[in-house]
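The structure appears right after this line, and notes come after that.
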Number of protein chains: 2
Amino acid sequence: MANTLNTSFKRAQFDFSSVLGILGAFIFFLGFALISPLIIALIYGEAIWNTFLYSAAIAFVVGGALYYFFKTDRELRIREGFLVVSLTWLFLSLVGALPFVISGILPSYTDAVFETMSGLTTTGATIMGGTTSDGFHNPQIETLPKSILFWRSLAHWLGGMGIIVLSLAILPLLGVGGMQLFQAESPGPTADKLTPRVQETAKLLWGIYVAFTATEFLLLWLHPSMDWFDSINHAFATLATGGFSTKNSSIAAFDSVYVDVIIIIFMFLAGINFAMHFRLLKGDAESFFNNRETRFYSLITLVSIIVITLSLWFFDGYSIGSALRYGAFQAVAIITTTGFGTDNYEVWYSFGAFFLFLLFFTGGCAGSTGGGPKMIRWMIIIRNSYREVKQIVHPKAILPIRIGEKTVDPNIQRTVLSFFMLYIFVFGLGALIMASMGYGMDSAIGASIACLGNIGPGWGEFGPTDNFAQIPYVGKWVLILLMMIGRLEIFTVLLLFTPTFWKQ
Amino acid sequence: MANTLNTSFKRAQFDFSSVLGILGAFIFFLGFALISPLIIALIYGEAIWNTFLYSAAIAFVVGGALYYFFKTDRELRIREGFLVVSLTWLFLSLVGALPFVISGILPSYTDAVFETMSGLTTTGATIMGGTTSDGFHNPQIETLPKSILFWRSLAHWLGGMGIIVLSLAILPLLGVGGMQLFQAESPGPTADKLTPRVQETAKLLWGIYVAFTATEFLLLWLHPSMDWFDSINHAFATLATGGFSTKNSSIAAFDSVYVDVIIIIFMFLAGINFAMHFRLLKGDAESFFNNRETRFYSLITLVSIIVITLSLWFFDGYSIGSALRYGAFQAVAIITTTGFGTDNYEVWYSFGAFFLFLLFFTGGCAGSTGGGPKMIRWMIIIRNSYREVKQIVHPKAILPIRIGEKTVDPNIQRTVLSFFMLYIFVFGLGALIMASMGYGMDSAIGASIACLGNIGPGWGEFGPTDNFAQIPYVGKWVLILLMMIGRLEIFTVLLLFTPTFWKQ
Ligand SMILES: [K+]
Ligand SMILES: [K+]
């Protein structure tokens with residue numbers, strides 16, 4: 001049977017069967033992941049333990065069958081690689097949504113997929129909680145079973161793992177993404193196909209990711225306001241720059257400077273290229289601190305904290321201490337695209353609020369778990385703008401763009417510029433679709449960038465105290481797509497919508 | 001004395017004296033322009049006639065003196081050319097503001113410069129009129145002397161003339177602007193310095209501009225709702241894509257389908273490259289209708305009219321006729337960056353409103369009097385985006401960008417991409433500064449794009465029924481700068497803020 005299918009698929013330009021085989025393997029592994037919330041449910045004696053059992057069983061059967069029938073030894077071609085990457089997030093969301101539906105907590109499959117995609121893309125936009133339930137089916141966070149909360153956080157954590165591998169190993173192979181901009185600076189794989197080397201790199205990077213998560217977990221657990229369950233969930237969501245919380249009011253619920261500081265530090269770390277952490281742990285402090293992107297990221301973070309702190313202190317009447325505490329938290333939460341909250345930035349004085357809004361377009365470093373356009377692209381854009389103006393005075397000069405010692409290839413300059421234009425196109429189109437559903441300018445813009453940038457909270461009706469429950473189904477699917485497009489560095493997903501991709 | 005000054009200026013890298021000489025000539029000519037409102041004041045027996053006499057006298061004396069002492073026969077170098085272009089709009093605004101101040105109508109010099117710059121840049125953002133006077137000194141349009149109204153409209157018309165020459169003759173020489181993108185398609189000057197050829201071209205293009213203005217004037221005057229004074233003012237403001245009106249409620253005041261249609265047609269014509277009109281009048285209809293930018297512009301306009309009409313009809317309960325009337329007017333007014341109004345788009349259903357908001361970022365054709373990024377740049381951006389995605393599938397292919405038969409040079413592609421990034425930077429920075437003065441997101445964004453795009457009305461507190469009177473002085477100067485930056489195609493002005501420009 002496998003052979004027959006194989007043959008019929010071959011007629012298409014793609015070897016869909018090997019794509020399906022790989023997706024099957026991923027779904028099968030998702031079955032293992034579903035066992036952890038099952039254990040949590042059993043520990044806490046929650047009635048919905050069987051929800052996870054059924055979901056895991058479905059994942060094992062569907063994933064196993066796909067893998068068994070379609071696995072091949074053939075190497076993936078580049079276009080099949082793009083298909084695998086894009087479909088992985090989609091298929092895992094479709095299957096990972098099952099516990100929400102089976103448990104009846106989110107009876108709408110759309111809502112369940114939204115919540116899962118939001119988890120796996122580390123967006124953290126949620127159907128649940130918020131102060132604006134508006135009569136929609138919208139369970140409050142604190143009433144949810146712990147196993148469901150754990151599943152949301154775990155989706156973040158797995159998504160973050162996926163992104164590290166994707167951005168440091170897979171996308172460079174496919175010629176897309178922020179990291180290929182600095183191939184030479186990155187200790188990632190330079191081989192031109194998936195080799196054991198990639199797997200080894202992945203394991204090392206995951207080791208760091210696990211170690212950071214464990215450290216944050218322990219540091220949070222030390223504090224009396226957090227039990228082990230809160231600690232593990234927030235550690236998952238921090239390292240993934242995810243943003244789902246176990247509390248309706250997010251990190252504000254713990255009302256602790258200690259907790260705020262720990263989470264600020266780990267959000268900041270999660271926004272750094274994990275390859276840099278890897279170097280630092282190998283004792284190469286110099287290249288960590290000399291890395292231009294890390295420095296630029298630190299500078300932007302520092303300046304943003306200062307600006308927002310001053311705005312809160314001067315315009316909003318916060319004490320200087322409170323201004324720093326809340327300013328730093330919100331700045332880092334948005335720059336890193338984590339989206340945790342300790343303060344409602346929508347009621348800030350317009351200057352601080354608008355400054356934060358601009359930070360929605362930054363993102364962390366390439367090779368981090370953060371979303372958004374990322375620092376390296378901004379560095380290239382800024383240098384390019386300056387060069388372009390300079391070029392007018394010296395029309396015939398060849399003016400290279402340098403970052404540190406490295407010259408940025410003209411093709412990469414163009415790709416980065418094009419990335420921003422596509423980013424803005426998709427952002428504008430997303431906002432227009434939200435506007436077509438009756439949302440005003442700030443809400444439409446806010447929902448679009450919150451999802452495209454994998455941030456989570458937005459503006460207007462989708463601010464930090466709101467949720468995404470009220471949106472019509474079509475709108476939710478559009479936002480699901482935006483989360484995917486943003487997470488997979490735009491090109492990867494948009495490619496699938498071009499005829500060229502499907503032509504021989 | 002001229003020689004002494006000349007020598008001392010020479011010590012600087014620039015020959016400032018020849019720059020001042022040219023600016024002097026422009027200011028001197030502004031003196032002549034100031035005689036027309038003087039005549040209007042005398043015709044209508046307005047007491048402020050002497051205001052224009054004094055202003056003209058100052059222009060003659062200051063301009064004449066500058067010209068006399070600093071004129072040279074030397075050719076301008078390229079950097080001096082940039083300085084002349086940027087300072088022309090500034091100096092003419094500083095002098096053109098005098099009648100507002102001397103007459104006491106806008107006692108604040110800042111307000112007067114804002115109004116004049118808004119006129120000369122064909123922006124049409126105004127201190128006067130509107131329904132939100134908020135207790136500020138804010139004279140209502142209908143109470144103003146006719147001579148003052150005429151001066152506002154004349155500033156538009158002269159600014160429009162200036163832009164046609166600038167975009168079709170001067171900027172291409174300096175290597176900036178939309179037109180150099182299509183040198184080959186344009187019948188403009190290709191010589192590499194200011195020659196009699198440029199003057200000849202300018203005269204021909206002005207001839208068309210005058211003929212169009214005269215035609216619209218006559219067509220408007222035919223209608224009983226408009227007297228000759230309303231007709232001439234609106235003809236001036238239409239051809240310049242300016243937007244100042246003689247009525248507080250803009251074109252809505254005439255409440256005539258005929259007037260709406262005439263103005264729609266002439267706004268649309270004003271948004272086309274005047275070199276194309278020149279060709280058409282020479283009998284070359286083929287190249288007019290085959291011009292890719294004209295076609296793209298027509299397509300965008302048509303699609304926008306249909307979309308907004310349907311939105312007004314479906315969501316806002318307009319009859320289909322009214323929807324078309326108001327939809328077409330507002331769409332064309334914004335695409336061409338004229339900014340006239342017959343309907344308050346801020347109260348439209350969010351879809352139509354947001355769609356119109358996106359049109360704030362279009363602009364007419366290069367070589368028209370319209371502002372904004374312009375159609376040719378969008379065409380290149382769209383083709384580039386598609387190429388960039390295609391490039392991923394064919395990493396090694398060299399994929400050119402073609403518009404019609406022409407291949408777009410890679411340097412021009414990069415310049416266009418950079419233009420958009422700088423446009424967005426300046427737009428964001430402008431909005432941030434407005435936010436620092438307490439304006440919310442929609443107002444801040446609205447004021448910034450209304451001025452940068454030379455449109456006039458914006459959003460929020462600066463919508464079509466509002467005015468710009470309430471803004472603190474610093475904010476007004478920022479907006480004055482934005483109008484200049486937008487009008488002079490970004491690079492021209494930003495260049496002056498770089499150290500490179502001032503270095504040898
Ligand atoms: K997030
Ligand atoms: K205008």
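Here's how to read the names in the structure tokens: chain A, B, ... by the order shown, residue numbers from 1 in each chain, ligand numbers from 1 in the order shown.
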
Chain A residues near chain B (6 Å cut-off, only C-alpha atoms) as a PyMOL selection string: chain A and resi 350-351+385+389+418+435-436+438+440+495

I'd like to know which residues of stretch 186-348 of chain A are alpha helix (DSSP H) (by DSSP, run on the backbone); could you write them as a PyMOL selection string? chain A and resi 196-221+228-239+257-270+274-281+285-290+292-315+320-335

Can you state the RMSD, in Å, between chain B and chain A once they are superposed by least squares on every Cα paired in order? 0.1 Å

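Residues of protein, DNA or RNA having any atom at most 6 Å from ligand 2, counting only C-alpha atoms and all ligand atoms, are Thr122, Thr123, Gly124, Thr241, Gly242, Gly243, Thr337, Thr338, Gly339, Asn454, Ile455 and Gly456 of chain B.
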
Mind running chain A against ligand 1 at 12 Å and telling me each contacting residue's nearest atom pair with the distance in Å (one decimal), counting only C-alpha atoms and all ligand atoms, chain and number ascending, as a Markdown table?
```
| residue | atom | partner | partner_atom_place_in_ligand_line | distance |
| --- | --- | --- | --- | --- |
| A:Met117 | CA | ligand 1 | 1 (K) | 11.5 |
| A:Ser118 | CA | ligand 1 | 1 (K) | 8.2 |
| A:Gly119 | CA | ligand 1 | 1 (K) | 8.6 |
| A:Leu120 | CA | ligand 1 | 1 (K) | 10.1 |
| A:Thr121 | CA | ligand 1 | 1 (K) | 8.0 |
| A:Thr122 | CA | ligand 1 | 1 (K) | 5.0 |
| A:Thr123 | CA | ligand 1 | 1 (K) | 3.7 |
| A:Gly124 | CA | ligand 1 | 1 (K) | 4.8 |
| A:Ala125 | CA | ligand 1 | 1 (K) | 7.4 |
| A:Thr126 | CA | ligand 1 | 1 (K) | 10.5 |
| A:Ser153 | CA | ligand 1 | 1 (K) | 11.5 |
| A:His156 | CA | ligand 1 | 1 (K) | 8.8 |
| A:Trp157 | CA | ligand 1 | 1 (K) | 11.4 |
| A:Gly159 | CA | ligand 1 | 1 (K) | 11.0 |
| A:Gly160 | CA | ligand 1 | 1 (K) | 10.3 |
| A:Phe236 | CA | ligand 1 | 1 (K) | 11.8 |
| A:Ala237 | CA | ligand 1 | 1 (K) | 8.3 |
| A:Thr238 | CA | ligand 1 | 1 (K) | 8.8 |
| A:Leu239 | CA | ligand 1 | 1 (K) | 10.3 |
| A:Ala240 | CA | ligand 1 | 1 (K) | 7.9 |
| A:Thr241 | CA | ligand 1 | 1 (K) | 5.1 |
| A:Gly242 | CA | ligand 1 | 1 (K) | 3.9 |
| A:Gly243 | CA | ligand 1 | 1 (K) | 4.9 |
| A:Phe244 | CA | ligand 1 | 1 (K) | 7.9 |
| A:Ser245 | CA | ligand 1 | 1 (K) | 11.0 |
| A:Met267 | CA | ligand 1 | 1 (K) | 10.4 |
| A:Ala270 | CA | ligand 1 | 1 (K) | 11.3 |
| A:Gly271 | CA | ligand 1 | 1 (K) | 11.1 |
| A:Val332 | CA | ligand 1 | 1 (K) | 11.4 |
| A:Ala333 | CA | ligand 1 | 1 (K) | 8.2 |
| A:Ile334 | CA | ligand 1 | 1 (K) | 8.2 |
| A:Ile335 | CA | ligand 1 | 1 (K) | 10.0 |
| A:Thr336 | CA | ligand 1 | 1 (K) | 7.9 |
| A:Thr337 | CA | ligand 1 | 1 (K) | 4.8 |
| A:Thr338 | CA | ligand 1 | 1 (K) | 3.7 |
| A:Gly339 | CA | ligand 1 | 1 (K) | 4.8 |
| A:Phe340 | CA | ligand 1 | 1 (K) | 7.6 |
| A:Gly341 | CA | ligand 1 | 1 (K) | 10.8 |
| A:Phe360 | CA | ligand 1 | 1 (K) | 10.7 |
| A:Gly363 | CA | ligand 1 | 1 (K) | 10.1 |
| A:Gly364 | CA | ligand 1 | 1 (K) | 11.2 |
| A:Thr369 | CA | ligand 1 | 1 (K) | 9.3 |
| A:Gly370 | CA | ligand 1 | 1 (K) | 7.4 |
| A:Gly371 | CA | ligand 1 | 1 (K) | 7.4 |
| A:Gly372 | CA | ligand 1 | 1 (K) | 9.8 |
| A:Ile449 | CA | ligand 1 | 1 (K) | 11.2 |
| A:Ala450 | CA | ligand 1 | 1 (K) | 8.2 |
| A:Cys451 | CA | ligand 1 | 1 (K) | 8.5 |
| A:Leu452 | CA | ligand 1 | 1 (K) | 10.2 |
| A:Gly453 | CA | ligand 1 | 1 (K) | 8.0 |
| A:Asn454 | CA | ligand 1 | 1 (K) | 4.9 |
| A:Ile455 | CA | ligand 1 | 1 (K) | 3.7 |
| A:Gly456 | CA | ligand 1 | 1 (K) | 4.9 |
| A:Pro457 | CA | ligand 1 | 1 (K) | 8.0 |
| A:Gly458 | CA | ligand 1 | 1 (K) | 10.7 |
| A:Pro464 | CA | ligand 1 | 1 (K) | 11.9 |
| A:Met483 | CA | ligand 1 | 1 (K) | 10.0 |
| A:Gly486 | CA | ligand 1 | 1 (K) | 11.3 |
| A:Arg487 | CA | ligand 1 | 1 (K) | 10.3 |
```

Just want the 10 Å neighbourhood of B:Asp316, counted on only C-alpha atoms, with same-chain residues fewer than 2 positions away dropped. Output as a PyMOL selection string. chain B and resi 309-314+318-319+323+347-350+352

Output of the above residues as a CSV table (one decimal), in the first residue's frame, restricted to all heavy atoms:
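Dumped everything to selection_11.csv:
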```csv
chain,number,residue,atom,x,y,z
B,309,THR,N,-16.9,52.0,-1.8
B,309,THR,CA,-18.3,52.1,-2.1
B,309,THR,C,-19.1,50.9,-1.5
B,309,THR,O,-20.2,51.1,-0.9
B,309,THR,CB,-18.5,52.1,-3.7
B,309,THR,OG1,-17.9,53.3,-4.2
B,309,THR,CG2,-20.0,52.1,-4.0
B,310,LEU,N,-18.6,49.7,-1.7
B,310,LEU,CA,-19.3,48.5,-1.2
B,310,LEU,C,-19.4,48.6,0.3
B,310,LEU,O,-20.4,48.2,0.9
B,310,LEU,CB,-18.6,47.2,-1.7
B,310,LEU,CG,-18.7,46.9,-3.2
B,310,LEU,CD1,-18.0,45.7,-3.5
B,310,LEU,CD2,-20.2,46.8,-3.6
B,311,SER,N,-18.3,49.0,1.0
B,311,SER,CA,-18.3,49.1,2.4
B,311,SER,C,-19.3,50.1,2.9
B,311,SER,O,-20.1,49.8,3.8
B,311,SER,CB,-16.9,49.5,2.9
B,311,SER,OG,-16.9,49.5,4.3
B,312,LEU,N,-19.4,51.2,2.3
B,312,LEU,CA,-20.4,52.2,2.7
B,312,LEU,C,-21.8,51.8,2.5
B,312,LEU,O,-22.7,52.0,3.2
B,312,LEU,CB,-20.2,53.6,1.9
B,312,LEU,CG,-18.9,54.3,2.3
B,312,LEU,CD1,-18.8,55.6,1.4
B,312,LEU,CD2,-19.0,54.8,3.7
B,313,TRP,N,-22.0,51.1,1.4
B,313,TRP,CA,-23.3,50.6,1.0
B,313,TRP,C,-23.7,49.4,1.9
B,313,TRP,O,-24.8,49.4,2.5
B,313,TRP,CB,-23.3,50.1,-0.5
B,313,TRP,CG,-24.5,49.5,-1.0
B,313,TRP,CD1,-25.8,50.1,-1.1
B,313,TRP,CD2,-24.7,48.1,-1.5
B,313,TRP,NE1,-26.7,49.2,-1.6
B,313,TRP,CE2,-26.1,48.0,-1.8
B,313,TRP,CE3,-23.8,47.0,-1.6
B,313,TRP,CZ2,-26.6,46.8,-2.4
B,313,TRP,CZ3,-24.3,45.9,-2.2
B,313,TRP,CH2,-25.7,45.7,-2.5
B,314,PHE,N,-22.8,48.5,2.1
B,314,PHE,CA,-23.2,47.3,2.9
B,314,PHE,C,-23.2,47.6,4.4
B,314,PHE,O,-24.1,47.2,5.1
B,314,PHE,CB,-22.1,46.2,2.6
B,314,PHE,CG,-22.5,44.9,3.1
B,314,PHE,CD1,-23.5,44.1,2.4
B,314,PHE,CD2,-21.9,44.3,4.2
B,314,PHE,CE1,-23.8,42.9,2.9
B,314,PHE,CE2,-22.3,43.1,4.7
B,314,PHE,CZ,-23.2,42.3,4.0
B,318,TYR,N,-25.6,53.4,3.4
B,318,TYR,CA,-25.7,54.4,2.3
B,318,TYR,C,-26.5,53.8,1.2
B,318,TYR,O,-26.4,52.6,0.9
B,318,TYR,CB,-24.4,54.9,1.8
B,318,TYR,CG,-23.6,55.7,2.7
B,318,TYR,CD1,-23.4,55.4,4.1
B,318,TYR,CD2,-22.9,56.9,2.2
B,318,TYR,CE1,-22.6,56.3,4.9
B,318,TYR,CE2,-22.2,57.7,3.0
B,318,TYR,CZ,-22.0,57.4,4.3
B,318,TYR,OH,-21.2,58.2,5.2
B,319,SER,N,-27.3,54.6,0.4
B,319,SER,CA,-27.8,54.1,-0.9
B,319,SER,C,-26.6,53.8,-1.8
B,319,SER,O,-25.5,54.4,-1.6
B,319,SER,CB,-28.7,55.1,-1.5
B,319,SER,OG,-27.9,56.2,-2.0
B,323,ALA,N,-23.2,55.9,-1.8
B,323,ALA,CA,-22.0,55.2,-1.4
B,323,ALA,C,-20.9,55.4,-2.5
B,323,ALA,O,-19.7,55.7,-2.2
B,323,ALA,CB,-22.2,53.7,-1.3
B,347,VAL,N,-16.1,58.2,11.0
B,347,VAL,CA,-17.3,57.5,11.5
B,347,VAL,C,-17.8,56.4,10.7
B,347,VAL,O,-18.8,55.8,10.9
B,347,VAL,CB,-18.5,58.5,11.8
B,347,VAL,CG1,-18.0,59.6,12.8
B,347,VAL,CG2,-18.9,59.2,10.5
B,348,TRP,N,-17.1,56.1,9.6
B,348,TRP,CA,-17.4,55.0,8.7
B,348,TRP,C,-17.2,53.7,9.5
B,348,TRP,O,-16.4,53.6,10.5
B,348,TRP,CB,-16.5,54.9,7.5
B,348,TRP,CG,-16.7,55.9,6.5
B,348,TRP,CD1,-17.7,56.9,6.5
B,348,TRP,CD2,-16.0,56.2,5.3
B,348,TRP,NE1,-17.6,57.7,5.3
B,348,TRP,CE2,-16.5,57.2,4.6
B,348,TRP,CE3,-14.9,55.5,4.7
B,348,TRP,CZ2,-16.0,57.7,3.4
B,348,TRP,CZ3,-14.4,56.0,3.5
B,348,TRP,CH2,-14.9,57.1,2.9
B,349,TYR,N,-17.8,52.6,9.1
B,349,TYR,CA,-17.6,51.3,9.6
B,349,TYR,C,-16.1,51.0,9.4
B,349,TYR,O,-15.4,51.4,8.5
B,349,TYR,CB,-18.4,50.3,8.8
B,349,TYR,CG,-18.2,48.8,9.3
B,349,TYR,CD1,-18.7,48.4,10.5
B,349,TYR,CD2,-17.4,48.0,8.5
B,349,TYR,CE1,-18.4,47.1,10.9
B,349,TYR,CE2,-17.1,46.7,8.9
B,349,TYR,CZ,-17.6,46.2,10.1
B,349,TYR,OH,-17.4,44.9,10.5
B,350,SER,N,-15.6,50.3,10.4
B,350,SER,CA,-14.1,50.1,10.6
B,350,SER,C,-13.4,49.6,9.3
B,350,SER,O,-12.3,49.9,9.0
B,350,SER,CB,-13.8,49.2,11.7
B,350,SER,OG,-14.5,47.9,11.5
B,352,GLY,N,-14.1,50.1,5.9
B,352,GLY,CA,-13.9,51.2,5.0
B,352,GLY,C,-12.9,52.2,5.5
B,352,GLY,O,-12.1,52.7,4.8
```

Name all residues at most 10 Å from B:Ser103 (count only C-alpha atoms; drop same-chain ones fewer than 5 positions away) and give them as a VMD selection string. chain B and resid 47 to 52 98 145 148

Would you kindly return, as a list in words, each protein, DNA or RNA residue with an atom no farther than 8 Å from any atom of B:Glu461, considering only C-alpha atoms and excluding same-chain residues fewer than 5 positions away?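 Answer for this query is Tyr439, Ser443, Asp466 and Asn467 of chain B.
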